[in-house]
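Colleague: One structure, as structure tokens, below. Some questions next.
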Amino acid sequence: MERILVIGANGQIGSELVDAVAAQHGTQNVIASDIGSCNLHGAQRYIRLDVLDKDEVACLIAAEGITQVYQLAAMLSATGEQAPLKAWTLNMDGLLNILEVARLRAAIDKPLRVFWPSSIAAFGPNTPSLNTPQVTVMDPTTIYGISKLAGERLCEYYFAKYGIDVRSIRYPGIVSYKAAPGGGTTDYAIAIFHAALRRECYECFLGPDTTLPMIYMPDAIRATLELMDAPAARIKIRSAYNVAGLSFSPRQLVQAIVRVFPDFKVCYKPDSRQAIADTWPHSLDDARAYADWGWQARIGIDQMVAHMLAHTEVGLGEVA
């Protein structure tokens with residue numbers, strides 16, 4: 001029986017991952033946790049937990065007999081640029097604390113399987129932008145991206161040196177309706193649906209032709225669970241796997257929304273996030289994820305748009 005701890009459960013991924021893991025393993029076997037005292041998404045079991053407090057984390061894992069940890073707590077790209085030292089501390093020390101607890105648990109024959117999310121932010125301006133390979137130049141320009149690249153190296157190190165079963169995905173931009181935008185460079189692709197449903201003109205902070213790899217949340221959750229469920233022998237990459245969903249630009253997303261809401265308007269006012277997006281890939285080569293554990297995306301842009309417009313709650317009361 002698996003006993004699962006999700007750290008950062010109030011965030012964009014965590015809010016939906018908790019439900020998916022609970023459906024798979026039973027709600028009684030899943031603990032949601034975050035730095036805040038509020039259980040924002042109604043998890044059956046919720047505990048306030050600071051991932052930067054290693055002793056607190058270790059005690060909880062031991063007391064609850066945890067076998068899998070999803071360490072999702074992080075400060076994202078645009079937000080991290082406003083507080084780089086805070087972002088580095090959270091992103092790096094949080095991961096290190098989990099890896100160290102896993103090392104100590106392995107020493108007493110109580111192994112942990114660890115999931116930690118990397119990101120396309122780990123790439124940079126000299127990375128090939130089309131069909132970015134699994135192994136390539138990585139020269140991130142943000143503190144978030146630098147922490148993700150360093151984190152990938154740490155994951156591989158702890159696997160090679162201590163045998164820690166750590167697994168990771170380089171997430172593209174994630175689109176979802178359950179959580180509000182959280183300070184990421186790709187979050188326009190969430191905020192735009194809120195504006196469309198309010199019948200407002202959306203002011204986009206990226207230029208119209210800024211094509212980035214994206215993924216709809218159901219595919220992102222499925223990729224995460226499939227990776228964690230795969231036999232350890234099939235996991236050949238212990239840094240992080242490229243996982244592709246779909247690639248689109250703001251203009252292409254607007255065109256898809258306009259097919260449903262013909263009067264929807266967008267104006268483009270690129271800000272500091274444009275410079276970040278310009279260093280990221282346009283598309284990803286995820287052949288290794290397919291070869292090793294069978295990953296394939298299922299959701300296209302029109303299906304995503306229809307689902308987002310049907311389920312996004314902000315502004316629904318104003319829709320005629």
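Ligands are numbered from 1 in the order shown, residues from 1 within each chain, and chains are lettered A, B, ... in the order they appear in the structure tokens.
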Check which residues of region 109-135 of chain A sit at most 6 Å from region 164-180 of chain A using only C-alpha atoms, and return one row each with the closest pair of atoms and their distance in Å to one decimal, ordered by chain and rising number, as a Markdown table.

Modeller:
```
| residue | atom | partner | partner_atom | distance |
| --- | --- | --- | --- | --- |
| A:Arg113 | CA | A:Asp165 | CA | 5.0 |
| A:Val114 | CA | A:Val166 | CA | 4.6 |
| A:Phe115 | CA | A:Arg167 | CA | 5.0 |
| A:Trp116 | CA | A:Ser168 | CA | 5.2 |
| A:Pro117 | CA | A:Ser168 | CA | 5.3 |
| A:Ser118 | CA | A:Arg170 | CA | 4.4 |
| A:Ser119 | CA | A:Arg170 | CA | 4.0 |
| A:Ile120 | CA | A:Arg170 | CA | 5.6 |
```

Colleague: Using DSSP on the backbone coordinates, identify the residues of region 63-223 of chain A assigned to alpha helix (DSSP H); present them as a ChimeraX atom specification.

Modeller: /A:63-64,77-82,84-88,94-107,143-162,188-197,217-223

Colleague: What lies within 10 Å of Ala102 (chain A) using only C-alpha atoms, ignoring chain neighbours under 3 positions off, as a PyMOL selection string?

Modeller: chain A and resi 58+61+67-69+96-99+105-107+110-114+158+162-166

Colleague: Can you tell me how far CA of Arg3 (chain A) sits from CA of Ser239 (chain A), in Å to one decimal?

Modeller: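 Atom-to-atom, CA of Arg3 (chain A) and CA of Ser239 (chain A) are spaced 24.0 Å apart.
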
Colleague: Could you tell me how far CA of Leu197 (chain A) sits from CA of Thr211 (chain A), in Å to one decimal place?

Modeller: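 Computing the Euclidean distance for CA of Thr211 (chain A) and CA of Leu197 (chain A) yields 23.4 Å.
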
Colleague: What is the distance between CA of Ala291 (chain A) and CA of Leu17 (chain A), in Å to one decimal?

Modeller: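 That distance, rounded to one decimal, is 24.1 Å.
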
Colleague: So which residues touch region 7-11 of chain A within 9 Å, counting only C-alpha atoms, skipping near sequence neighbours fewer than 2 positions away, as a PyMOL selection string?

Modeller: chain A and resi 5+13-18+31-36+38-41+43+46+49-51+69-74+179-180+182

Colleague: Go ahead and dump the residues you just picked, C-alpha atoms, as a PDB file, in the first residue's frame.

Modeller:
```pdb
ATOM      1  CA  LEU A   5       2.531  13.182   0.632  1.00  0.00           C
ATOM      2  CA  ILE A  13      -0.439  21.284 -10.141  1.00  0.00           C
ATOM      3  CA  GLY A  14      -0.962  20.195  -6.552  1.00  0.00           C
ATOM      4  CA  SER A  15      -4.596  21.245  -6.483  1.00  0.00           C
ATOM      5  CA  GLU A  16      -5.446  18.673  -9.150  1.00  0.00           C
ATOM      6  CA  LEU A  17      -2.761  16.103  -8.432  1.00  0.00           C
ATOM      7  CA  VAL A  18      -4.123  15.436  -4.929  1.00  0.00           C
ATOM      8  CA  ILE A  31      -1.878  13.831   2.683  1.00  0.00           C
ATOM      9  CA  ALA A  32      -2.009  17.281   1.117  1.00  0.00           C
ATOM     10  CA  SER A  33       0.272  19.935   2.583  1.00  0.00           C
ATOM     11  CA  ASP A  34       1.322  23.521   1.998  1.00  0.00           C
ATOM     12  CA  ILE A  35       2.860  26.451   3.846  1.00  0.00           C
ATOM     13  CA  GLY A  36      -0.539  28.004   4.541  1.00  0.00           C
ATOM     14  CA  CYS A  38      -5.944  26.915   4.681  1.00  0.00           C
ATOM     15  CA  ASN A  39      -6.951  23.790   2.789  1.00  0.00           C
ATOM     16  CA  LEU A  40      -7.800  25.695  -0.381  1.00  0.00           C
ATOM     17  CA  HIS A  41      -8.990  22.792  -2.502  1.00  0.00           C
ATOM     18  CA  ALA A  43      -8.371  17.739   0.349  1.00  0.00           C
ATOM     19  CA  TYR A  46      -4.484  18.457   4.905  1.00  0.00           C
ATOM     20  CA  LEU A  49       3.975  21.962   6.347  1.00  0.00           C
ATOM     21  CA  ASP A  50       7.024  24.083   5.608  1.00  0.00           C
ATOM     22  CA  VAL A  51       9.235  22.191   3.166  1.00  0.00           C
ATOM     23  CA  VAL A  69       6.557  12.347  -1.974  1.00  0.00           C
ATOM     24  CA  TYR A  70       5.530  14.872  -4.613  1.00  0.00           C
ATOM     25  CA  GLN A  71       7.620  17.988  -3.889  1.00  0.00           C
ATOM     26  CA  LEU A  72       5.806  20.739  -5.810  1.00  0.00           C
ATOM     27  CA  ALA A  73       6.497  23.789  -3.616  1.00  0.00           C
ATOM     28  CA  ALA A  74       8.271  26.433  -5.696  1.00  0.00           C
ATOM     29  CA  ALA A 179      -6.238  27.369  -9.891  1.00  0.00           C
ATOM     30  CA  ALA A 180      -5.670  31.062 -10.559  1.00  0.00           C
ATOM     31  CA  GLY A 182       0.417  31.809 -10.172  1.00  0.00           C
TER      32      GLY A 182
END
```

Colleague: Excluding Leu284 (chain A) and its own-chain neighbours fewer than 6 positions away, which residues fall within 7 Å of it when counting only C-alpha atoms? Please give them as a PDB file with N, CA, C and O atoms, in the first residue's frame.

Modeller:
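Written out: around-v2.pdb:
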```pdb
ATOM      1  N   LEU A 130      13.368  24.532 -31.743  1.00  0.00           N
ATOM      2  CA  LEU A 130      12.395  23.657 -32.397  1.00  0.00           C
ATOM      3  C   LEU A 130      12.715  22.210 -32.064  1.00  0.00           C
ATOM      4  O   LEU A 130      13.853  21.754 -32.239  1.00  0.00           O
ATOM      5  N   ASN A 131      11.682  21.481 -31.578  1.00  0.00           N
ATOM      6  CA  ASN A 131      11.877  20.088 -31.182  1.00  0.00           C
ATOM      7  C   ASN A 131      13.105  19.956 -30.276  1.00  0.00           C
ATOM      8  O   ASN A 131      13.997  19.145 -30.519  1.00  0.00           O
ATOM      9  N   THR A 132      13.124  20.755 -29.237  1.00  0.00           N
ATOM     10  CA  THR A 132      14.252  20.777 -28.304  1.00  0.00           C
ATOM     11  C   THR A 132      14.575  19.369 -27.840  1.00  0.00           C
ATOM     12  O   THR A 132      13.719  18.668 -27.303  1.00  0.00           O
ATOM     13  N   PRO A 133      15.822  18.915 -28.031  1.00  0.00           N
ATOM     14  CA  PRO A 133      16.167  17.532 -27.676  1.00  0.00           C
ATOM     15  C   PRO A 133      16.154  17.297 -26.171  1.00  0.00           C
ATOM     16  O   PRO A 133      16.220  18.235 -25.371  1.00  0.00           O
ATOM     17  N   PRO A 213       5.857  25.751 -25.769  1.00  0.00           N
ATOM     18  CA  PRO A 213       5.267  24.449 -25.464  1.00  0.00           C
ATOM     19  C   PRO A 213       4.284  24.585 -24.303  1.00  0.00           C
ATOM     20  O   PRO A 213       4.584  25.229 -23.295  1.00  0.00           O
ATOM     21  N   ASN A 242      11.754  15.451 -21.014  1.00  0.00           N
ATOM     22  CA  ASN A 242      10.916  16.297 -21.849  1.00  0.00           C
ATOM     23  C   ASN A 242       9.542  15.649 -21.989  1.00  0.00           C
ATOM     24  O   ASN A 242       9.444  14.448 -22.291  1.00  0.00           O
ATOM     25  N   ALA A 244       5.969  16.720 -24.032  1.00  0.00           N
ATOM     26  CA  ALA A 244       5.284  17.680 -24.899  1.00  0.00           C
ATOM     27  C   ALA A 244       3.781  17.478 -24.837  1.00  0.00           C
ATOM     28  O   ALA A 244       3.294  16.355 -24.711  1.00  0.00           O
TER      29      ALA A 244
END
```

Colleague: Excluding region 247-262 of chain A and its own-chain neighbours fewer than 4 positions away, which residues fall within 6 Å of it when counting only C-alpha atoms? Please give them as a list in words.

Modeller: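 Listing them by chain and then by number gives Pro208, Asp209, Thr210, Thr211, Leu212, Pro213, Met214 and Ser283 of chain A.
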
Colleague: Could the residues in this selection be saved with all heavy atoms as an mmCIF file, in the first residue's frame?

Modeller:
```
data_model
loop_
_atom_site.group_PDB
_atom_site.id
_atom_site.type_symbol
_atom_site.label_atom_id
_atom_site.label_comp_id
_atom_site.auth_asym_id
_atom_site.auth_seq_id
_atom_site.Cartn_x
_atom_site.Cartn_y
_atom_site.Cartn_z
ATOM 1 N N PRO A 208 2.044 38.437 -29.943
ATOM 2 C CA PRO A 208 1.085 37.523 -30.566
ATOM 3 C C PRO A 208 1.692 36.253 -31.143
ATOM 4 O O PRO A 208 1.003 35.239 -31.231
ATOM 5 C CB PRO A 208 0.441 38.375 -31.662
ATOM 6 C CG PRO A 208 1.416 39.484 -31.921
ATOM 7 C CD PRO A 208 2.066 39.763 -30.618
ATOM 8 N N ASP A 209 2.948 36.286 -31.531
ATOM 9 C CA ASP A 209 3.547 35.129 -32.194
ATOM 10 C C ASP A 209 4.573 34.402 -31.316
ATOM 11 O O ASP A 209 5.438 33.675 -31.818
ATOM 12 C CB ASP A 209 4.187 35.565 -33.508
ATOM 13 C CG ASP A 209 3.150 36.118 -34.470
ATOM 14 O OD1 ASP A 209 2.104 35.461 -34.654
ATOM 15 O OD2 ASP A 209 3.364 37.223 -35.013
ATOM 16 N N THR A 210 4.474 34.575 -30.014
ATOM 17 C CA THR A 210 5.384 33.924 -29.065
ATOM 18 C C THR A 210 4.920 32.489 -28.842
ATOM 19 O O THR A 210 4.099 32.208 -27.969
ATOM 20 C CB THR A 210 5.416 34.683 -27.730
ATOM 21 O OG1 THR A 210 5.696 36.069 -27.973
ATOM 22 C CG2 THR A 210 6.464 34.104 -26.805
ATOM 23 N N THR A 211 5.453 31.588 -29.637
ATOM 24 C CA THR A 211 5.056 30.186 -29.554
ATOM 25 C C THR A 211 5.837 29.482 -28.453
ATOM 26 O O THR A 211 7.069 29.560 -28.399
ATOM 27 C CB THR A 211 5.299 29.470 -30.895
ATOM 28 O OG1 THR A 211 4.521 30.118 -31.903
ATOM 29 C CG2 THR A 211 4.905 27.996 -30.812
ATOM 30 N N LEU A 212 5.113 28.806 -27.566
ATOM 31 C CA LEU A 212 5.729 28.097 -26.446
ATOM 32 C C LEU A 212 5.108 26.716 -26.307
ATOM 33 O O LEU A 212 3.940 26.513 -26.660
ATOM 34 C CB LEU A 212 5.522 28.871 -25.145
ATOM 35 C CG LEU A 212 6.247 30.210 -25.013
ATOM 36 C CD1 LEU A 212 5.742 30.974 -23.800
ATOM 37 C CD2 LEU A 212 7.757 30.000 -24.924
ATOM 38 N N PRO A 213 5.857 25.751 -25.769
ATOM 39 C CA PRO A 213 5.267 24.449 -25.464
ATOM 40 C C PRO A 213 4.284 24.585 -24.303
ATOM 41 O O PRO A 213 4.584 25.229 -23.295
ATOM 42 C CB PRO A 213 6.474 23.589 -25.045
ATOM 43 C CG PRO A 213 7.685 24.375 -25.414
ATOM 44 C CD PRO A 213 7.285 25.805 -25.411
ATOM 45 N N MET A 214 3.126 23.983 -24.439
ATOM 46 C CA MET A 214 2.093 24.032 -23.414
ATOM 47 C C MET A 214 1.522 22.629 -23.222
ATOM 48 O O MET A 214 1.757 21.732 -24.031
ATOM 49 C CB MET A 214 0.966 24.997 -23.821
ATOM 50 C CG MET A 214 1.426 26.381 -24.249
ATOM 51 S SD MET A 214 2.082 27.400 -22.909
ATOM 52 C CE MET A 214 0.584 27.858 -22.066
ATOM 53 N N SER A 283 9.002 24.198 -29.185
ATOM 54 C CA SER A 283 8.417 22.847 -29.152
ATOM 55 C C SER A 283 9.459 21.894 -28.578
ATOM 56 O O SER A 283 10.659 22.186 -28.581
ATOM 57 C CB SER A 283 7.998 22.396 -30.561
ATOM 58 O OG SER A 283 9.098 22.433 -31.458
#
```
